[in-house]
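A.B. asks: Take this structure, written in C-alpha coordinates, and hold onto it; I'll ask about it next.
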Amino acid sequence: MGAGGVVCGDPARSRGFLAWQFGDPPELQRASLAREAEVVVQRAVGTGGPVRVVETDARFVRADVPNENTLLVSTYVEQEETTPGAASSADSTERALQERIGRELRREISEATPLVDVTVLGQS
(Lines give C-alpha, C1' and ligand atoms only; values in the text may rest on other atoms or scores of the structure.)
Protein backbone atom coordinates (compact mmCIF):
# COMPACT_ATOMS: atom_id res chain seq x y z
CA MET A 1 0.00 0.00 0.00
CA GLY A 2 1.13 3.48 -0.78
CA ALA A 3 0.55 6.71 1.10
CA GLY A 4 -2.99 7.28 2.28
CA GLY A 5 -4.00 3.63 1.81
CA VAL A 6 -3.79 3.80 -1.98
CA VAL A 7 -2.73 0.60 -3.67
CA CYS A 8 0.29 1.22 -5.87
CA GLY A 9 0.47 -0.94 -8.93
CA ASP A 10 2.38 -1.02 -12.15
CA PRO A 11 3.39 2.59 -13.04
CA ALA A 12 2.87 1.96 -16.76
CA ARG A 13 -0.64 0.73 -16.08
CA SER A 14 -1.35 3.79 -13.91
CA ARG A 15 -0.14 6.11 -16.68
CA GLY A 16 -2.43 4.34 -19.14
CA PHE A 17 -5.39 4.76 -16.82
CA LEU A 18 -4.61 8.45 -16.29
CA ALA A 19 -4.26 9.00 -20.02
CA TRP A 20 -7.65 7.38 -20.56
CA GLN A 21 -9.25 9.25 -17.65
CA PHE A 22 -7.92 12.68 -18.59
CA GLY A 23 -7.70 12.18 -22.33
CA ASP A 24 -10.47 13.20 -24.65
CA PRO A 25 -11.76 10.03 -26.32
CA PRO A 26 -14.65 10.64 -28.73
CA GLU A 27 -17.14 8.65 -26.61
CA LEU A 28 -16.49 10.81 -23.54
CA GLN A 29 -16.50 13.95 -25.68
CA ARG A 30 -19.89 13.05 -27.11
CA ALA A 31 -21.33 12.28 -23.67
CA SER A 32 -20.18 15.68 -22.39
CA LEU A 33 -21.59 17.44 -25.45
CA ALA A 34 -24.92 15.63 -25.05
CA ARG A 35 -25.13 16.82 -21.43
CA GLU A 36 -24.21 20.32 -22.56
CA ALA A 37 -26.96 20.15 -25.21
CA GLU A 38 -29.52 19.41 -22.50
CA VAL A 39 -28.43 22.56 -20.65
CA VAL A 40 -28.67 24.60 -23.87
CA VAL A 41 -32.23 23.29 -24.38
CA GLN A 42 -33.19 24.31 -20.82
CA ARG A 43 -31.90 27.85 -21.45
CA ALA A 44 -33.54 28.13 -24.88
CA VAL A 45 -36.93 26.96 -23.62
CA GLY A 46 -36.59 29.10 -20.51
CA THR A 47 -36.82 32.17 -22.74
CA GLY A 48 -39.71 30.75 -24.75
CA GLY A 49 -42.76 32.10 -22.94
CA PRO A 50 -45.35 30.16 -20.96
CA VAL A 51 -43.79 26.70 -21.32
CA ARG A 52 -41.58 24.60 -19.09
CA VAL A 53 -39.34 21.65 -19.89
CA VAL A 54 -40.69 18.33 -18.67
CA GLU A 55 -37.86 16.19 -20.08
CA THR A 56 -35.03 16.42 -22.58
CA ASP A 57 -32.94 13.66 -24.09
CA ALA A 58 -29.89 14.44 -26.22
CA ARG A 59 -27.65 11.79 -27.77
CA PHE A 60 -25.34 11.28 -30.69
CA VAL A 61 -26.06 8.62 -33.26
CA ARG A 62 -23.66 5.94 -34.43
CA ALA A 63 -20.18 6.81 -33.23
CA ASP A 64 -18.72 4.41 -35.81
CA VAL A 65 -19.54 6.65 -38.79
CA PRO A 66 -16.63 9.00 -39.56
CA ASN A 67 -17.40 12.72 -39.70
CA GLU A 68 -20.97 12.04 -38.57
CA ASN A 69 -21.93 14.14 -35.56
CA THR A 70 -25.70 14.05 -35.66
CA LEU A 71 -27.14 15.06 -32.30
CA LEU A 72 -30.71 13.86 -31.72
CA VAL A 73 -32.58 16.07 -29.28
CA SER A 74 -36.06 15.22 -28.06
CA THR A 75 -37.75 17.67 -25.72
CA TYR A 76 -41.12 17.53 -24.02
CA VAL A 77 -42.53 20.80 -22.76
CA GLU A 78 -45.71 21.65 -20.93
CA GLN A 79 -47.73 24.66 -21.90
CA GLU A 80 -48.80 26.45 -18.74
CA GLU A 81 -52.15 27.61 -20.01
CA THR A 82 -54.61 26.10 -22.43
CA THR A 83 -56.81 28.35 -24.46
CA PRO A 84 -59.28 27.87 -27.29
CA GLY A 85 -57.31 26.97 -30.41
CA ALA A 86 -54.63 25.32 -28.24
CA ALA A 87 -53.85 22.74 -30.94
CA SER A 88 -52.72 25.41 -33.38
CA SER A 89 -50.97 27.20 -30.50
CA ALA A 90 -49.14 23.95 -29.64
CA ASP A 91 -48.06 23.55 -33.28
CA SER A 92 -46.69 27.08 -33.47
CA THR A 93 -44.99 26.66 -30.08
CA GLU A 94 -43.33 23.43 -31.29
CA ARG A 95 -42.06 25.09 -34.47
CA ALA A 96 -40.80 28.18 -32.66
CA LEU A 97 -39.00 26.11 -30.02
CA GLN A 98 -37.50 23.76 -32.63
CA GLU A 99 -36.04 26.76 -34.44
CA ARG A 100 -34.78 28.44 -31.27
CA ILE A 101 -33.27 25.25 -29.81
CA GLY A 102 -31.63 24.28 -33.14
CA ARG A 103 -30.16 27.78 -33.54
CA GLU A 104 -28.77 27.78 -29.98
CA LEU A 105 -27.31 24.27 -30.35
CA ARG A 106 -25.59 25.17 -33.64
CA ARG A 107 -24.18 28.30 -32.01
CA GLU A 108 -22.96 26.66 -28.81
CA ILE A 109 -22.03 23.15 -30.03
CA SER A 110 -20.71 23.86 -33.50
CA GLU A 111 -19.19 20.39 -33.94
CA ALA A 112 -22.65 18.78 -33.91
CA THR A 113 -25.49 18.71 -36.41
CA PRO A 114 -28.63 18.92 -34.26
CA LEU A 115 -31.94 17.34 -35.22
CA VAL A 116 -34.56 18.66 -32.81
CA ASP A 117 -38.01 17.33 -31.97
CA VAL A 118 -40.26 19.26 -29.58
CA THR A 119 -43.53 17.91 -28.23
CA VAL A 120 -45.91 20.22 -26.43
CA LEU A 121 -47.87 18.37 -23.78
CA GLY A 122 -51.22 19.60 -22.58
CA GLN A 123 -53.36 18.66 -19.64
CA SER A 124 -56.49 16.73 -20.50
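Scheme for the C-alpha coordinates: letters A, B, ... for chains in order shown; per-chain residue numbers from 1; ligand numbers from 1 in order shown.
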Using only C-alpha atoms, which protein or nucleic acid residues come within 6 Å of segment 41-57 of chain A? Drop anything in the same chain fewer than 2 positions from it, and give the result as a list in words.
C.D. replies: Glu38, Val39, Val73, Ser74, Thr75, Tyr76, Val77, Glu78, Gln79, Glu80 and Ile101 of chain A
A.B. asks: Please provide as a PDB file with N, CA and C atoms, in the first residue's frame all residues within 12 Å of Leu71 of chain A, with the sequence filter that same-chain residues fewer than 4 positions apart are discarded (counting only C-alpha atoms).
C.D. replies:
ATOM      1  N   ARG A  30     -18.492  13.045 -26.694  1.00  0.00           N
ATOM      2  CA  ARG A  30     -19.894  13.047 -27.105  1.00  0.00           C
ATOM      3  C   ARG A  30     -20.821  13.047 -25.895  1.00  0.00           C
ATOM      4  N   ALA A  31     -20.494  12.298 -24.869  1.00  0.00           N
ATOM      5  CA  ALA A  31     -21.326  12.276 -23.666  1.00  0.00           C
ATOM      6  C   ALA A  31     -21.364  13.663 -23.018  1.00  0.00           C
ATOM      7  N   LEU A  33     -20.841  16.544 -24.555  1.00  0.00           N
ATOM      8  CA  LEU A  33     -21.588  17.439 -25.446  1.00  0.00           C
ATOM      9  C   LEU A  33     -23.090  17.190 -25.363  1.00  0.00           C
ATOM     10  N   ALA A  34     -23.486  15.940 -25.190  1.00  0.00           N
ATOM     11  CA  ALA A  34     -24.918  15.634 -25.050  1.00  0.00           C
ATOM     12  C   ALA A  34     -25.466  16.257 -23.771  1.00  0.00           C
ATOM     13  N   ARG A  35     -24.699  16.174 -22.678  1.00  0.00           N
ATOM     14  CA  ARG A  35     -25.132  16.815 -21.428  1.00  0.00           C
ATOM     15  C   ARG A  35     -25.196  18.335 -21.610  1.00  0.00           C
ATOM     16  N   GLU A  36     -24.213  18.883 -22.299  1.00  0.00           N
ATOM     17  CA  GLU A  36     -24.208  20.325 -22.563  1.00  0.00           C
ATOM     18  C   GLU A  36     -25.429  20.718 -23.400  1.00  0.00           C
ATOM     19  N   ALA A  37     -25.791  19.884 -24.365  1.00  0.00           N
ATOM     20  CA  ALA A  37     -26.960  20.155 -25.207  1.00  0.00           C
ATOM     21  C   ALA A  37     -28.228  20.230 -24.360  1.00  0.00           C
ATOM     22  N   GLU A  38     -28.344  19.374 -23.364  1.00  0.00           N
ATOM     23  CA  GLU A  38     -29.518  19.407 -22.501  1.00  0.00           C
ATOM     24  C   GLU A  38     -29.607  20.722 -21.733  1.00  0.00           C
ATOM     25  N   ASP A  57     -33.925  14.713 -23.845  1.00  0.00           N
ATOM     26  CA  ASP A  57     -32.942  13.663 -24.093  1.00  0.00           C
ATOM     27  C   ASP A  57     -32.104  14.095 -25.288  1.00  0.00           C
ATOM     28  N   ALA A  58     -30.795  14.096 -25.117  1.00  0.00           N
ATOM     29  CA  ALA A  58     -29.889  14.442 -26.216  1.00  0.00           C
ATOM     30  C   ALA A  58     -28.854  13.330 -26.332  1.00  0.00           C
ATOM     31  N   ARG A  59     -28.646  12.850 -27.555  1.00  0.00           N
ATOM     32  CA  ARG A  59     -27.648  11.788 -27.769  1.00  0.00           C
ATOM     33  C   ARG A  59     -27.139  11.850 -29.197  1.00  0.00           C
ATOM     34  N   PHE A  60     -25.932  11.378 -29.360  1.00  0.00           N
ATOM     35  CA  PHE A  60     -25.344  11.284 -30.688  1.00  0.00           C
ATOM     36  C   PHE A  60     -25.683   9.926 -31.284  1.00  0.00           C
ATOM     37  N   VAL A  61     -25.791   9.891 -32.590  1.00  0.00           N
ATOM     38  CA  VAL A  61     -26.063   8.624 -33.264  1.00  0.00           C
ATOM     39  C   VAL A  61     -24.770   8.026 -33.764  1.00  0.00           C
ATOM     40  N   ARG A  62     -24.723   6.746 -33.850  1.00  0.00           N
ATOM     41  CA  ARG A  62     -23.656   5.938 -34.430  1.00  0.00           C
ATOM     42  C   ARG A  62     -22.272   6.565 -34.421  1.00  0.00           C
ATOM     43  N   ALA A  63     -21.542   6.293 -33.362  1.00  0.00           N
ATOM     44  CA  ALA A  63     -20.181   6.809 -33.228  1.00  0.00           C
ATOM     45  C   ALA A  63     -19.224   6.197 -34.243  1.00  0.00           C
ATOM     46  N   GLY A 102     -32.604  24.626 -32.098  1.00  0.00           N
ATOM     47  CA  GLY A 102     -31.635  24.284 -33.143  1.00  0.00           C
ATOM     48  C   GLY A 102     -30.610  25.382 -33.337  1.00  0.00           C
ATOM     49  N   LEU A 105     -28.228  25.426 -30.325  1.00  0.00           N
ATOM     50  CA  LEU A 105     -27.314  24.273 -30.352  1.00  0.00           C
ATOM     51  C   LEU A 105     -26.236  24.458 -31.408  1.00  0.00           C
ATOM     52  N   ARG A 106     -26.603  24.942 -32.590  1.00  0.00           N
ATOM     53  CA  ARG A 106     -25.591  25.168 -33.645  1.00  0.00           C
ATOM     54  C   ARG A 106     -24.586  26.239 -33.214  1.00  0.00           C
ATOM     55  N   ILE A 109     -22.696  24.450 -29.819  1.00  0.00           N
ATOM     56  CA  ILE A 109     -22.027  23.155 -30.035  1.00  0.00           C
ATOM     57  C   ILE A 109     -21.820  23.008 -31.535  1.00  0.00           C
ATOM     58  N   SER A 110     -20.885  23.761 -32.044  1.00  0.00           N
ATOM     59  CA  SER A 110     -20.707  23.861 -33.496  1.00  0.00           C
ATOM     60  C   SER A 110     -20.237  22.562 -34.139  1.00  0.00           C
ATOM     61  N   GLU A 111     -19.675  21.642 -33.349  1.00  0.00           N
ATOM     62  CA  GLU A 111     -19.190  20.393 -33.936  1.00  0.00           C
ATOM     63  C   GLU A 111     -20.290  19.364 -34.119  1.00  0.00           C
ATOM     64  N   ALA A 112     -21.526  19.710 -33.777  1.00  0.00           N
ATOM     65  CA  ALA A 112     -22.652  18.780 -33.911  1.00  0.00           C
ATOM     66  C   ALA A 112     -23.661  19.305 -34.923  1.00  0.00           C
ATOM     67  N   THR A 113     -24.377  18.370 -35.525  1.00  0.00           N
ATOM     68  CA  THR A 113     -25.491  18.712 -36.409  1.00  0.00           C
ATOM     69  C   THR A 113     -26.766  18.305 -35.668  1.00  0.00           C
ATOM     70  N   PRO A 114     -27.467  19.285 -35.066  1.00  0.00           N
ATOM     71  CA  PRO A 114     -28.631  18.918 -34.258  1.00  0.00           C
ATOM     72  C   PRO A 114     -29.884  18.666 -35.083  1.00  0.00           C
ATOM     73  N   LEU A 115     -30.599  17.623 -34.720  1.00  0.00           N
ATOM     74  CA  LEU A 115     -31.941  17.344 -35.225  1.00  0.00           C
ATOM     75  C   LEU A 115     -32.843  17.406 -34.003  1.00  0.00           C
ATOM     76  N   VAL A 116     -33.788  18.347 -34.002  1.00  0.00           N
ATOM     77  CA  VAL A 116     -34.561  18.655 -32.808  1.00  0.00           C
ATOM     78  C   VAL A 116     -36.030  18.305 -33.004  1.00  0.00           C
ATOM     79  N   ASP A 117     -36.578  17.619 -32.004  1.00  0.00           N
ATOM     80  CA  ASP A 117     -38.011  17.327 -31.967  1.00  0.00           C
ATOM     81  C   ASP A 117     -38.561  17.885 -30.664  1.00  0.00           C
TER      82      ASP A 117
END
A.B. asks: From the list A:Val40, A:Ala96, A:Leu72, A:Ala90, which residue is nearest Gly122 of chain A when using only C-alpha atoms?
C.D. replies: A:Ala90
A.B. asks: Measure the distance from atom CA of Arg107 of chain A to atom CA of Val120 of chain A in Å and round it to one decimal.
C.D. replies: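 Calculated distance between atom CA of Arg107 of chain A and atom CA of Val120 of chain A is 23.8 Å.
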